[in-house]
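Reproduced below: data05.cif, with mmCIF, C-alpha atoms and all ligand atoms.
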```
data_entry
loop_
_atom_site.label_atom_id
_atom_site.label_comp_id
_atom_site.auth_asym_id
_atom_site.auth_seq_id
_atom_site.Cartn_x
_atom_site.Cartn_y
_atom_site.Cartn_z
CA MET A 1 87.05 300.70 17.55
CA GLY A 2 83.63 300.01 19.09
CA ALA A 3 81.43 296.94 18.72
CA ILE A 4 79.27 297.15 15.64
CA GLY A 5 75.93 295.58 14.84
CA GLY A 6 75.59 292.95 12.13
CA ALA A 7 77.61 289.87 11.29
CA ILE A 8 81.29 289.60 12.28
CA VAL A 9 83.82 287.06 11.01
CA SER A 10 86.74 285.78 13.06
CA LYS A 11 89.69 284.12 11.27
CA ARG A 12 92.78 282.24 12.23
CA GLY A 13 95.75 284.61 12.25
CA ALA A 14 99.21 284.81 13.74
CA ALA A 15 100.08 284.42 17.41
CA LEU A 16 98.62 286.97 19.83
CA SER A 17 101.08 289.09 21.77
CA GLY A 18 101.31 292.21 23.88
CA ALA A 19 99.55 293.81 26.83
CA ALA A 20 95.88 294.67 27.04
CA LEU A 21 93.49 296.33 29.43
CA THR A 22 89.87 295.33 29.81
CA PRO A 23 87.07 297.74 30.70
CA GLY A 24 86.02 298.18 34.31
CA ASP A 25 84.31 295.35 36.12
CA LYS A 26 80.60 295.37 35.31
CA SER A 27 79.42 294.23 38.76
CA ILE A 28 81.52 296.85 40.55
CA SER A 29 80.57 299.59 38.06
CA HIS A 30 76.81 299.16 38.69
CA ARG A 31 77.39 299.17 42.43
CA ALA A 32 79.66 302.23 42.40
CA LEU A 33 76.99 304.31 40.63
CA ILE A 34 74.16 303.09 42.87
CA PHE A 35 76.12 303.59 46.09
CA GLY A 36 77.35 307.02 44.95
CA ALA A 37 73.76 308.03 44.21
CA LEU A 38 72.64 306.87 47.67
CA ALA A 39 75.44 308.65 49.55
CA ASP A 40 74.70 312.23 50.54
CA GLY A 41 77.49 314.24 48.83
CA VAL A 42 80.13 313.82 46.14
CA SER A 43 81.67 310.48 45.19
CA GLU A 44 84.16 310.04 42.36
CA ILE A 45 84.49 306.88 40.30
CA SER A 46 87.30 306.12 37.89
CA GLY A 47 87.70 303.13 35.59
CA LEU A 48 83.92 302.73 35.28
CA LEU A 49 82.73 300.40 32.50
CA ASP A 50 81.43 302.59 29.71
CA GLY A 51 79.09 299.84 28.46
CA ASP A 52 75.37 300.00 27.67
CA ASP A 53 74.32 298.09 30.79
CA VAL A 54 76.14 300.45 33.16
CA LEU A 55 74.99 303.54 31.26
CA ARG A 56 71.39 302.40 31.89
CA THR A 57 72.13 302.32 35.61
CA ALA A 58 73.65 305.82 35.38
CA ALA A 59 70.49 307.07 33.64
CA ALA A 60 68.34 305.42 36.32
CA MET A 61 70.36 307.11 39.08
CA ARG A 62 69.84 310.50 37.38
CA ALA A 63 66.10 309.86 37.15
CA LEU A 64 66.08 309.05 40.87
CA GLY A 65 67.71 312.39 41.69
CA ALA A 66 71.50 311.99 41.51
CA GLU A 67 73.67 314.40 39.52
CA ILE A 68 76.18 312.49 37.42
CA GLU A 69 78.85 314.08 35.26
CA ARG A 70 81.77 312.58 33.44
CA THR A 71 85.09 314.37 32.92
CA GLY A 72 87.60 312.17 31.09
CA ASP A 73 87.86 308.95 33.08
CA VAL A 74 86.30 310.40 36.24
CA TRP A 75 82.59 310.14 36.97
CA ARG A 76 81.42 312.61 39.62
CA VAL A 77 78.24 311.47 41.38
CA VAL A 78 76.33 313.80 43.68
CA GLY A 79 73.99 311.63 45.70
CA GLY A 80 71.25 312.34 48.20
CA PRO A 81 67.63 311.45 48.93
CA TRP A 82 65.89 309.70 46.03
CA ARG A 83 62.62 310.83 44.43
CA SER A 84 60.05 308.89 42.45
CA PRO A 85 60.76 309.36 38.72
CA ASP A 86 57.86 310.37 36.49
CA ARG A 87 58.69 307.69 33.90
CA ALA A 88 59.53 304.00 34.04
CA LEU A 89 63.23 303.23 34.57
CA TYR A 90 64.36 301.39 31.44
CA PHE A 91 67.25 298.95 31.98
CA GLY A 92 67.72 297.63 28.44
CA ASN A 93 69.51 294.25 28.71
CA ALA A 94 70.90 294.77 32.23
CA GLY A 95 69.81 292.12 34.75
CA THR A 96 72.25 293.25 37.42
CA GLY A 97 71.21 296.90 37.11
CA VAL A 98 67.48 296.25 37.37
CA ARG A 99 67.70 293.74 40.24
CA LEU A 100 70.07 295.82 42.38
CA VAL A 101 68.11 299.02 41.80
CA MET A 102 64.88 297.26 42.81
CA GLY A 103 66.46 296.59 46.21
CA ALA A 104 67.90 300.09 46.51
CA VAL A 105 64.58 301.70 45.56
CA ALA A 106 62.82 299.57 48.18
CA GLY A 107 65.31 300.76 50.80
CA ALA A 108 65.00 304.37 49.68
CA GLY A 109 61.20 304.23 49.98
CA VAL A 110 60.28 305.59 46.56
CA GLY A 111 57.79 304.32 43.98
CA VAL A 112 59.23 303.18 40.64
CA ARG A 113 58.20 301.36 37.47
CA PHE A 114 60.90 299.12 35.94
CA ASP A 115 61.18 297.88 32.37
CA GLY A 116 63.74 296.42 29.97
CA ASP A 117 64.27 294.95 26.52
CA ALA A 118 62.68 291.71 25.29
CA SER A 119 65.45 289.55 26.80
CA LEU A 120 65.22 291.25 30.21
CA ARG A 121 61.40 291.02 30.12
CA ALA A 122 61.80 287.25 29.77
CA ARG A 123 64.13 286.90 32.79
CA PRO A 124 62.88 286.04 36.29
CA MET A 125 62.43 288.94 38.73
CA GLY A 126 60.44 286.94 41.32
CA ARG A 127 63.69 285.83 43.00
CA VAL A 128 64.27 289.47 44.01
CA LEU A 129 60.65 290.53 44.51
CA GLU A 130 59.88 287.61 46.83
CA PRO A 131 62.29 288.55 49.67
CA LEU A 132 61.50 292.25 49.16
CA ARG A 133 57.78 291.46 49.56
CA MET A 134 58.62 289.63 52.79
CA MET A 135 60.10 292.96 53.93
CA GLY A 136 56.86 294.79 53.12
CA LEU A 137 57.42 295.93 49.54
CA GLU A 138 54.33 296.26 47.38
CA ALA A 139 54.99 295.11 43.83
CA VAL A 140 52.80 294.70 40.79
CA ASP A 141 54.20 292.33 38.19
CA THR A 142 53.05 289.73 35.72
CA GLU A 143 54.25 286.30 36.80
CA GLY A 144 57.51 287.65 38.17
CA ARG A 145 58.52 289.39 34.95
CA LEU A 146 59.05 293.01 33.89
CA PRO A 147 57.42 295.48 33.70
CA VAL A 148 57.24 295.76 37.49
CA LYS A 149 55.84 298.61 39.57
CA ILE A 150 56.96 298.88 43.17
CA SER A 151 56.13 301.03 46.17
CA THR A 152 57.05 300.65 49.84
CA GLY A 153 53.68 301.56 51.36
CA SER A 154 54.17 301.86 55.10
CA GLY A 155 57.89 301.12 55.18
CA LEU A 156 60.05 298.01 55.28
CA SER A 157 60.74 295.56 58.10
CA SER A 158 63.91 293.57 58.53
CA ILE A 159 63.94 289.85 57.73
CA SER A 160 66.00 286.79 58.39
CA CYS A 161 66.30 284.66 55.26
CA LYS A 162 68.31 281.97 53.55
CA LEU A 163 69.31 282.47 49.90
CA ALA A 164 67.58 279.78 47.84
CA SER A 165 70.42 279.85 45.28
CA PRO A 166 73.84 281.51 45.25
CA SER A 167 72.81 284.76 43.51
CA ALA A 168 74.78 287.92 44.27
CA GLN A 169 72.02 289.96 42.64
CA VAL A 170 69.41 288.66 45.08
CA LYS A 171 71.76 289.01 48.07
CA SER A 172 72.62 292.58 47.03
CA ALA A 173 68.99 293.58 46.51
CA ILE A 174 68.14 292.38 50.04
CA LEU A 175 71.13 294.21 51.55
CA LEU A 176 70.24 297.45 49.76
CA ALA A 177 66.60 297.19 50.87
CA ALA A 178 67.79 296.40 54.42
CA LEU A 179 69.45 299.82 54.59
CA GLY A 180 65.95 301.33 54.79
CA ALA A 181 64.31 298.64 56.95
CA ASN A 182 63.55 298.77 60.67
CA GLY A 183 65.85 296.50 62.66
CA SER A 184 68.61 294.17 61.54
CA THR A 185 68.37 291.96 58.48
CA ARG A 186 70.19 288.62 58.52
CA ILE A 187 70.99 286.71 55.36
CA HIS A 188 72.18 283.11 55.38
CA GLU A 189 74.30 282.49 52.33
CA PRO A 190 74.85 278.68 52.24
CA VAL A 191 77.15 278.90 49.20
CA LEU A 192 79.31 281.99 48.83
CA CYS A 193 78.85 284.14 45.73
CA ARG A 194 80.46 287.41 44.64
CA ASP A 195 80.72 289.83 47.56
CA HIS A 196 81.25 293.21 45.88
CA THR A 197 78.20 294.70 47.58
CA GLU A 198 79.46 293.75 51.03
CA ARG A 199 82.97 295.05 50.27
CA MET A 200 81.77 298.31 48.75
CA LEU A 201 79.21 299.00 51.47
CA GLY A 202 82.22 298.97 53.81
CA VAL A 203 84.01 301.50 51.60
CA PHE A 204 80.88 303.74 51.80
CA GLY A 205 80.91 303.56 55.61
CA VAL A 206 78.19 300.95 56.22
CA SER A 207 78.95 298.30 58.84
CA LEU A 208 78.05 294.67 58.33
CA ASP A 209 78.63 291.66 60.56
CA PHE A 210 79.80 288.34 59.17
CA GLU A 211 79.63 284.95 60.89
CA GLY A 212 80.89 281.62 59.58
CA ASP A 213 84.19 280.74 57.95
CA GLY A 214 82.80 280.19 54.48
CA SER A 215 83.07 276.40 54.49
CA ALA A 216 79.40 276.03 55.50
CA GLY A 217 78.41 279.38 54.07
CA ARG A 218 78.09 282.54 56.09
CA PHE A 219 75.60 284.82 57.81
CA ILE A 220 75.54 288.53 56.96
CA THR A 221 73.82 291.00 59.29
CA LEU A 222 73.04 294.60 58.42
CA GLU A 223 71.42 297.06 60.82
CA GLY A 224 68.79 299.21 59.07
CA GLY A 225 68.87 303.00 59.10
CA GLN A 226 72.57 303.31 58.21
CA LYS A 227 73.48 306.10 55.80
CA LEU A 228 76.16 305.81 53.13
CA THR A 229 78.97 308.35 53.24
CA PRO A 230 80.46 309.44 49.90
CA ALA A 231 83.59 307.60 48.75
CA ASN A 232 85.94 307.43 45.81
CA VAL A 233 86.07 304.16 43.90
CA VAL A 234 88.65 302.91 41.41
CA VAL A 235 87.01 300.17 39.35
CA PRO A 236 89.42 297.34 38.40
CA GLY A 237 89.38 295.51 35.07
CA ASP A 238 86.67 292.87 34.64
CA PRO A 239 87.89 289.24 35.02
CA SER A 240 84.83 288.09 33.05
CA SER A 241 85.95 290.24 30.08
CA ALA A 242 89.63 289.33 30.54
CA ALA A 243 88.51 285.69 30.25
CA PHE A 244 88.01 286.12 26.48
CA LEU A 245 91.50 287.53 25.89
CA VAL A 246 93.15 284.91 28.11
CA ALA A 247 91.21 282.14 26.33
CA ALA A 248 92.27 283.47 22.91
CA ALA A 249 95.94 283.37 23.96
CA LEU A 250 95.66 279.84 25.40
CA ILE A 251 94.19 278.35 22.19
CA THR A 252 96.24 280.29 19.60
CA PRO A 253 99.69 278.72 18.99
CA GLY A 254 102.72 280.88 19.86
CA SER A 255 100.68 283.44 21.85
CA GLU A 256 101.74 285.23 25.00
CA ILE A 257 99.69 288.15 26.37
CA THR A 258 99.30 290.06 29.61
CA VAL A 259 95.95 291.47 30.69
CA GLN A 260 96.62 294.22 33.19
CA ASN A 261 94.81 295.53 36.24
CA ILE A 262 92.27 292.72 36.61
CA LEU A 263 90.06 292.10 39.62
CA ILE A 264 91.11 288.80 41.25
CA ASN A 265 88.46 288.57 43.98
CA PRO A 266 88.50 284.85 44.95
CA LEU A 267 84.72 284.67 44.40
CA ARG A 268 85.27 285.52 40.71
CA MET A 269 88.21 283.23 39.96
CA GLY A 270 86.55 279.89 39.15
CA PHE A 271 87.31 280.14 35.41
CA TYR A 272 91.02 280.72 36.04
CA GLU A 273 91.14 277.84 38.56
CA THR A 274 89.56 275.57 35.95
CA LEU A 275 92.06 276.70 33.32
CA ARG A 276 94.86 275.73 35.70
CA ASP A 277 93.27 272.28 36.15
CA MET A 278 93.30 271.99 32.34
CA GLY A 279 97.05 272.68 32.28
CA ALA A 280 97.01 276.35 31.26
CA ASP A 281 100.30 278.23 31.41
CA MET A 282 99.28 281.38 33.29
CA THR A 283 100.92 283.66 35.82
CA ILE A 284 99.15 286.06 38.13
CA GLN A 285 101.53 288.82 39.13
CA ASN A 286 101.75 292.31 40.62
CA ARG A 287 98.96 291.78 43.18
CA ARG A 288 97.71 294.92 44.93
CA LYS A 289 94.65 296.27 46.78
CA GLU A 290 92.29 298.89 45.31
CA SER A 291 88.97 300.19 46.75
CA GLY A 292 88.49 297.12 48.97
CA GLU A 293 89.26 294.63 46.16
CA ILE A 294 92.41 292.77 45.03
CA VAL A 295 93.77 293.38 41.51
CA ALA A 296 96.66 291.88 39.51
CA ASP A 297 98.03 291.30 36.00
CA ILE A 298 97.34 287.97 34.30
CA CYS A 299 99.88 286.61 31.83
CA ALA A 300 98.68 283.75 29.58
CA ARG A 301 100.63 281.64 27.05
CA HIS A 302 99.47 279.16 24.44
CA SER A 303 99.02 275.80 26.18
CA GLU A 304 98.30 272.16 25.44
CA LEU A 305 95.09 271.71 27.45
CA ARG A 306 93.30 268.62 28.73
CA GLY A 307 89.58 268.14 29.42
CA VAL A 308 88.44 268.23 33.05
CA ASN A 309 85.44 267.61 35.25
CA VAL A 310 84.50 271.08 36.53
CA PRO A 311 83.44 270.83 40.20
CA VAL A 312 79.78 271.85 40.67
CA SER A 313 80.82 273.84 43.74
CA ARG A 314 82.78 276.16 41.47
CA ALA A 315 79.71 277.33 39.50
CA PRO A 316 78.97 280.51 41.52
CA THR A 317 82.54 281.78 41.02
CA MET A 318 82.54 281.28 37.24
CA ILE A 319 78.86 281.55 36.35
CA ASP A 320 79.39 283.97 33.43
CA GLU A 321 82.41 282.09 32.08
CA TYR A 322 80.87 278.76 31.00
CA PRO A 323 80.40 279.88 27.37
CA ILE A 324 84.08 280.79 26.96
CA LEU A 325 85.17 277.73 28.97
CA SER A 326 83.19 275.59 26.52
CA VAL A 327 85.15 277.12 23.64
CA VAL A 328 88.46 276.47 25.43
CA ALA A 329 87.30 272.89 26.15
CA ALA A 330 86.81 272.31 22.42
CA TYR A 331 90.54 273.01 21.90
CA ALA A 332 91.56 270.77 24.81
CA THR A 333 92.12 267.05 24.44
CA GLY A 334 89.47 264.89 26.10
CA GLU A 335 86.15 265.42 27.76
CA THR A 336 85.14 268.48 29.79
CA MET A 337 82.05 267.97 31.91
CA MET A 338 80.20 270.96 33.36
CA ASN A 339 77.39 270.27 35.84
CA GLY A 340 75.09 272.42 37.99
CA LEU A 341 74.40 274.93 35.21
CA GLU A 342 70.63 275.46 35.56
CA GLU A 343 71.16 279.23 36.04
CA LEU A 344 72.62 279.45 32.53
CA ARG A 345 69.13 278.95 31.13
CA VAL A 346 67.98 282.33 32.50
CA LYS A 347 70.94 284.55 31.58
CA GLU A 348 70.94 287.02 28.64
CA SER A 349 70.07 283.98 26.49
CA ASN A 350 69.57 280.33 27.31
CA ARG A 351 73.32 279.84 27.38
CA ILE A 352 73.24 276.03 27.45
CA ALA A 353 71.27 276.07 24.20
CA SER A 354 73.30 278.91 22.62
CA VAL A 355 76.64 277.26 23.40
CA GLU A 356 75.54 273.83 22.24
CA ALA A 357 74.19 275.11 18.93
CA GLY A 358 77.27 277.28 18.29
CA LEU A 359 79.75 274.50 19.06
CA ALA A 360 77.80 271.99 16.97
CA ALA A 361 77.80 274.47 14.04
CA CYS A 362 81.60 274.57 14.31
CA GLY A 363 81.97 270.78 14.23
CA VAL A 364 82.56 270.27 17.96
CA ASP A 365 81.35 267.13 19.76
CA VAL A 366 78.96 268.61 22.34
CA ALA A 367 75.95 267.41 24.33
CA SER A 368 73.74 268.97 26.98
CA GLY A 369 71.00 268.27 29.50
CA GLN A 370 68.80 270.38 31.74
CA ASP A 371 71.75 271.55 33.85
CA TRP A 372 74.87 270.23 32.14
CA LEU A 373 77.13 270.60 29.14
CA ARG A 374 79.69 268.13 27.89
CA VAL A 375 82.37 269.03 25.35
CA ARG A 376 84.70 266.43 23.83
CA GLY A 377 87.78 268.29 22.68
CA ARG A 378 90.10 267.04 19.96
CA GLY A 379 92.85 269.64 20.35
CA ARG A 380 91.64 271.42 17.21
CA VAL A 381 88.37 272.83 15.87
CA LYS A 382 87.05 272.76 12.31
CA GLY A 383 85.03 276.00 12.57
CA GLY A 384 83.17 277.27 9.52
CA GLY A 385 79.95 277.76 11.48
CA HIS A 386 77.43 280.58 11.40
CA VAL A 387 76.66 281.16 15.07
CA HIS A 388 73.42 282.58 16.45
CA THR A 389 74.31 284.78 19.42
CA ASN A 390 70.67 285.15 20.52
CA HIS A 391 71.45 288.77 21.46
CA ASP A 392 73.91 287.60 24.11
CA HIS A 393 77.22 289.46 24.47
CA ARG A 394 79.10 286.54 26.03
CA ILE A 395 78.03 284.15 23.28
CA ALA A 396 79.18 286.69 20.66
CA MET A 397 82.64 287.14 22.22
CA SER A 398 83.11 283.41 22.92
CA PHE A 399 82.66 282.45 19.28
CA LEU A 400 84.81 285.30 17.98
CA VAL A 401 87.54 283.81 20.20
CA MET A 402 86.83 280.36 18.78
CA GLY A 403 87.48 281.62 15.22
CA GLN A 404 91.02 282.70 16.12
CA ALA A 405 92.34 279.16 16.06
CA SER A 406 89.78 277.19 14.01
CA GLU A 407 90.61 275.72 10.60
CA GLU A 408 87.81 277.69 8.93
CA PRO A 409 86.49 281.16 9.91
CA VAL A 410 83.64 281.49 12.40
CA GLU A 411 80.85 283.97 11.71
CA ILE A 412 78.52 285.36 14.36
CA ASP A 413 75.16 286.80 13.33
CA ASP A 414 75.36 290.02 15.33
CA GLY A 415 77.99 291.81 17.40
CA ALA A 416 75.77 294.63 18.68
CA MET A 417 75.28 293.25 22.20
CA ILE A 418 79.04 293.16 22.85
CA ALA A 419 78.64 296.86 23.73
CA THR A 420 76.78 295.91 26.92
CA SER A 421 79.96 294.74 28.65
CA PHE A 422 83.10 295.16 26.46
CA PRO A 423 82.47 297.90 23.87
CA ASP A 424 86.02 297.77 22.44
CA PHE A 425 86.37 293.99 22.44
CA VAL A 426 87.12 293.80 18.71
CA GLY A 427 89.66 296.64 18.98
CA ALA A 428 91.38 295.02 21.98
CA MET A 429 91.57 291.64 20.21
CA CYS A 430 92.91 293.15 16.98
CA ALA A 431 95.53 295.14 18.90
CA LEU A 432 96.86 291.78 20.18
CA GLY A 433 97.01 290.49 16.60
CA ALA A 434 93.59 288.88 16.11
CA VAL A 435 91.94 288.87 12.68
CA ILE A 436 88.31 289.92 13.00
CA ASP A 437 86.38 291.35 10.05
CA ILE A 438 83.45 293.63 10.81
C1 LIG B 501 76.14 289.58 39.07
C2 LIG B 501 75.76 288.35 39.55
C3 LIG B 501 75.59 287.15 38.70
C4 LIG B 501 76.23 287.32 37.33
C5 LIG B 501 75.93 288.67 36.74
C6 LIG B 501 76.46 289.78 37.65
C7 LIG B 501 76.26 290.71 40.01
O1 LIG B 501 74.21 286.91 38.53
O2 LIG B 501 75.81 286.31 36.47
O3 LIG B 501 76.53 288.80 35.47
O4 LIG B 501 76.87 291.74 39.65
O5 LIG B 501 75.76 290.61 41.13
P1 LIG B 501 73.37 286.06 39.62
O6 LIG B 501 73.37 286.82 40.89
O7 LIG B 501 71.99 285.94 39.05
O8 LIG B 501 74.07 284.74 39.72
#
```
Structure rendered as structure tokens:
Amino acid sequence: MGAIGGAIVSKRGAALSGAALTPGDKSISHRALIFGALADGVSEISGLLDGDDVLRTAAAMRALGAEIERTGDVWRVVGGPWRSPDRALYFGNAGTGVRLVMGAVAGAGVGVRFDGDASLRARPMGRVLEPLRMMGLEAVDTEGRLPVKISTGSGLSSISCKLASPSAQVKSAILLAALGANGSTRIHEPVLCRDHTERMLGVFGVSLDFEGDGSAGRFITLEGGQKLTPANVVVPGDPSSAAFLVAAALITPGSEITVQNILINPLRMGFYETLRDMGADMTIQNRRKESGEIVADICARHSELRGVNVPVSRAPTMIDEYPILSVVAAYATGETMMNGLEELRVKESNRIASVEAGLAACGVDVASGQDWLRVRGRGRVKGGGHVHTNHDHRIAMSFLVMGQASEEPVEIDDGAMIATSFPDFVGAMCALGAVIDI
């Protein structure tokens, strides 16, 4: 069952049980396609997320010259030198796709126009264009927003820079541009954020140097002129998608589920660490290594949860999970305080505003400020709200989870955007026993 546009109603049902898989990790899926397209020869990817965002990146890679074919679960990518496409690359809703490809295009030395949907046009691109301009990129934009036209003019130079905020998209764009720059580029990352680009560059034969033990950040150095060699990638399940299933089990009495084959990269685990602080009954088992990443199965059981103060330092490792954490917090007892959330205002929607309005519509005691959210949980939720998702997939899934244990059903206005990251979310939830009416 795929995600369907229009309103969706989520109702309290029986306990959730059984095993589930989530689609491939979105961050790793984008990178696998981009790296395969850059590597001269054939790379094979399995487990790729078949969601709208990633399909936009696949289309962009084709327009830049890669051959991409899918047979069953295996995507065969024939990469090589990139060419300037004759039309703008359209990225739909995909912030990761557009920002990473901007860096890769800069490194590949081709001219490209980038565009996206209304939400992506409203999101900041200056954070990526600024360091790329320091490297010599020529970009035409309107106040740091799409559409953007870029060309490399007389080639790129290496830079030494410090990331202004912990953004893996910005870090990745600089690293991908650095591949085509003269000399070695050095990035100071004061606060660590997801490192899939660094790990996967290694899998594709690129060498990077790391200094620092992580406690005071780290320095990453990449020597320009390195070529990627083709590689095979197995994409693990997405912990950001698994978060919805795990949350549903934790709040629904009697539930016990296992989500299998999930990426457990420590720089993605902030949500699960917070759940543990809240008293969640979870087990992470069957750990193994796959394509440079660690994967495992996560077993979650219904739990009596307590509110917590989420450390600000944890934000980069759970940045996409605050909406679903806010839903879980409403079912906990006591106050959950989330600080350091300014980035949530420039995600697929203004997530502070979307979460606050949705929780308030469902009778939850919630308050917010410029960079914080506070939820006072009472161990149960009234529900009955009509929730505006603001075209944001994570808001849609969060509130469908909320409806599983609320006294009255929860309705979301539109489920269409769920297809960007978890196309079979409704099917996966219903297979575990959820009651969701499309
Ligand atoms: C991503 C990085 C994060 C995250 C996004 C995926 C990535 O964005 O929110 O969903 O794949 O690099 P920022 O880098 O803007 O924090």
Edge lengths and centre in Å, axis-aligned, ligand LIG 501 (chain B) plus 3 Å each side, as lines of an AutoDock Vina configuration file:
```
center_x = 74.4
center_y = 288.2
center_z = 38.3
size_x = 10.9
size_y = 13.0
size_z = 11.7
```
Against ligand LIG 501 (chain B), which residues of chain A fall within 7 Å? For each one I want the closest pair of atoms and the distance in Å (one decimal), counting only C-alpha atoms and all ligand atoms, rows by chain and increasing residue number, as JSON lines.
```
{"residue": "A:Lys26", "atom": "CA", "partner": "B:LIG501", "partner_atom": "O4", "distance": 6.8}
{"residue": "A:Ser27", "atom": "CA", "partner": "B:LIG501", "partner_atom": "O4", "distance": 3.7}
{"residue": "A:Ile28", "atom": "CA", "partner": "B:LIG501", "partner_atom": "O4", "distance": 7.0}
{"residue": "A:Thr96", "atom": "CA", "partner": "B:LIG501", "partner_atom": "O4", "distance": 5.3}
{"residue": "A:Pro166", "atom": "CA", "partner": "B:LIG501", "partner_atom": "O8", "distance": 6.4}
{"residue": "A:Ser167", "atom": "CA", "partner": "B:LIG501", "partner_atom": "O6", "distance": 3.4}
{"residue": "A:Ala168", "atom": "CA", "partner": "B:LIG501", "partner_atom": "O6", "distance": 3.8}
{"residue": "A:Gln169", "atom": "CA", "partner": "B:LIG501", "partner_atom": "O6", "distance": 3.8}
{"residue": "A:Val170", "atom": "CA", "partner": "B:LIG501", "partner_atom": "O6", "distance": 6.1}
{"residue": "A:Ser172", "atom": "CA", "partner": "B:LIG501", "partner_atom": "O5", "distance": 7.0}
{"residue": "A:Arg194", "atom": "CA", "partner": "B:LIG501", "partner_atom": "O5", "distance": 6.7}
{"residue": "A:Pro316", "atom": "CA", "partner": "B:LIG501", "partner_atom": "O8", "distance": 6.7}
{"residue": "A:Ile319", "atom": "CA", "partner": "B:LIG501", "partner_atom": "O2", "distance": 5.7}
{"residue": "A:Asp320", "atom": "CA", "partner": "B:LIG501", "partner_atom": "O2", "distance": 5.2}
```
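Distances to Tyr272 in chain A were evaluated for A:Glu321, A:Lys227, A:Asn286, A:Arg301 using only C-alpha atoms, and the minimum falls at A:Glu321.
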* Mind pulling up the distance from CA of Ile324 in chain A to CA of Ala249 in chain A? ->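 Those two atoms sit 12.5 Å apart.
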* Nearest candidate to Glu67 in chain A (options A:Ala20, A:Ile34, A:Val327, A:Leu305; using all atoms listed in the file) -> A:Ile34
* **For CA of Pro236 in chain A and CA of Ile220 in chain A, the interatomic separation in Å (one decimal)** => 24.8 Å
* **Selected residue, from A:Ile418, A:Leu179, A:Met402, A:Leu156, that lies nearest to Val364 in chain A when counting all atoms listed in the file** => A:Met402
* For Val206 in chain A, work out the shell of residues within 10 Å, counting all atoms listed in the file and skipping chain neighbours fewer than 6 positions away, then give it as a list in words. =>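 Residues near the query, excluding close chain neighbours: Leu179, Glu198, Arg199, Met200, Leu222, Glu223, Gly224, Gly225, Gln226, Lys227, Leu228 and Thr229 of chain A.
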* **Best match for closeness to Tyr90 in chain A among A:His30, A:Arg113, A:Arg268, A:Arg76, counting all atoms listed in the file** =>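 Comparing A:His30, A:Arg113, A:Arg268, A:Arg76 against Tyr90 in chain A, the winner is A:Arg113.
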* Which is closer to Met278 in chain A than all the others in A:Met135, A:Ala419, A:Ala330, A:Leu38, using all atoms listed in the file? -> A:Ala330
Contacts of Ser29 in chain A within 9 Å, all atoms listed in the file, excl. fewer than 6 positions in-chain, as a CSV table (one decimal) with C-alpha atoms, in the coordinates of the input:
```csv
chain,number,residue,atom,x,y,z
A,45,ILE,CA,84.5,306.9,40.3
A,47,GLY,CA,87.7,303.1,35.6
A,48,LEU,CA,83.9,302.7,35.3
A,49,LEU,CA,82.7,300.4,32.5
A,50,ASP,CA,81.4,302.6,29.7
A,54,VAL,CA,76.1,300.4,33.2
A,235,VAL,CA,87.0,300.2,39.4
```
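Proximity of A:Ala19, A:Gly377, A:Gly369, A:Ala118 to Leu245 in chain A, computed with all atoms listed in the file, is greatest for A:Ala19.
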* **Atom pair CA of Met318 in chain A / CA of Glu408 in chain A: separation (Å)** => 29.0 Å
Can you list every residue of range 34-131 of chain A that has an atom at most 12 Å from range 346-360 of chain A, with its nearest atom pair and the distance in Å to one decimal, using all atoms listed in the file, ordered by chain then number, as a tab-separated table?
```
residue	atom	partner	partner_atom	distance
A:Asp53	CA	A:Glu348	CA	11.8
A:Gly92	CA	A:Glu348	CA	11.1
A:Asn93	CA	A:Glu348	CA	7.4
A:Ala94	CA	A:Glu348	CA	8.5
A:Gly95	CA	A:Glu348	CA	8.0
A:Thr96	CA	A:Lys347	CA	10.6
A:Gly116	CA	A:Glu348	CA	11.9
A:Asp117	CA	A:Glu348	CA	10.6
A:Ala118	CA	A:Glu348	CA	10.1
A:Ser119	CA	A:Glu348	CA	6.3
A:Leu120	CA	A:Glu348	CA	7.3
A:Arg121	CA	A:Glu348	CA	10.4
A:Ala122	CA	A:Val346	CA	8.4
A:Arg123	CA	A:Val346	CA	6.0
A:Pro124	CA	A:Val346	CA	7.4
A:Met125	CA	A:Val346	CA	10.6
A:Arg127	CA	A:Val346	CA	11.9
```
Have range 341-346 of chain A completed to N, CA and C atoms, please, and pass it along as a PDB file, in the coordinates of the input.
```pdb
ATOM      1  N   LEU A 341      74.472 273.708  36.016  1.00  0.00           N
ATOM      2  CA  LEU A 341      74.400 274.930  35.210  1.00  0.00           C
ATOM      3  C   LEU A 341      72.979 275.464  35.013  1.00  0.00           C
ATOM      4  N   GLU A 342      72.022 275.073  35.844  1.00  0.00           N
ATOM      5  CA  GLU A 342      70.630 275.460  35.560  1.00  0.00           C
ATOM      6  C   GLU A 342      70.459 276.973  35.408  1.00  0.00           C
ATOM      7  N   GLU A 343      71.274 277.758  36.128  1.00  0.00           N
ATOM      8  CA  GLU A 343      71.160 279.230  36.040  1.00  0.00           C
ATOM      9  C   GLU A 343      71.454 279.740  34.627  1.00  0.00           C
ATOM     10  N   LEU A 344      72.251 278.976  33.867  1.00  0.00           N
ATOM     11  CA  LEU A 344      72.620 279.450  32.530  1.00  0.00           C
ATOM     12  C   LEU A 344      71.412 279.564  31.609  1.00  0.00           C
ATOM     13  N   ARG A 345      70.333 278.891  31.972  1.00  0.00           N
ATOM     14  CA  ARG A 345      69.130 278.950  31.130  1.00  0.00           C
ATOM     15  C   ARG A 345      68.396 280.279  31.252  1.00  0.00           C
ATOM     16  N   VAL A 346      68.702 281.058  32.316  1.00  0.00           N
ATOM     17  CA  VAL A 346      67.980 282.330  32.500  1.00  0.00           C
ATOM     18  C   VAL A 346      68.945 283.524  32.501  1.00  0.00           C
TER      19      VAL A 346
END
```
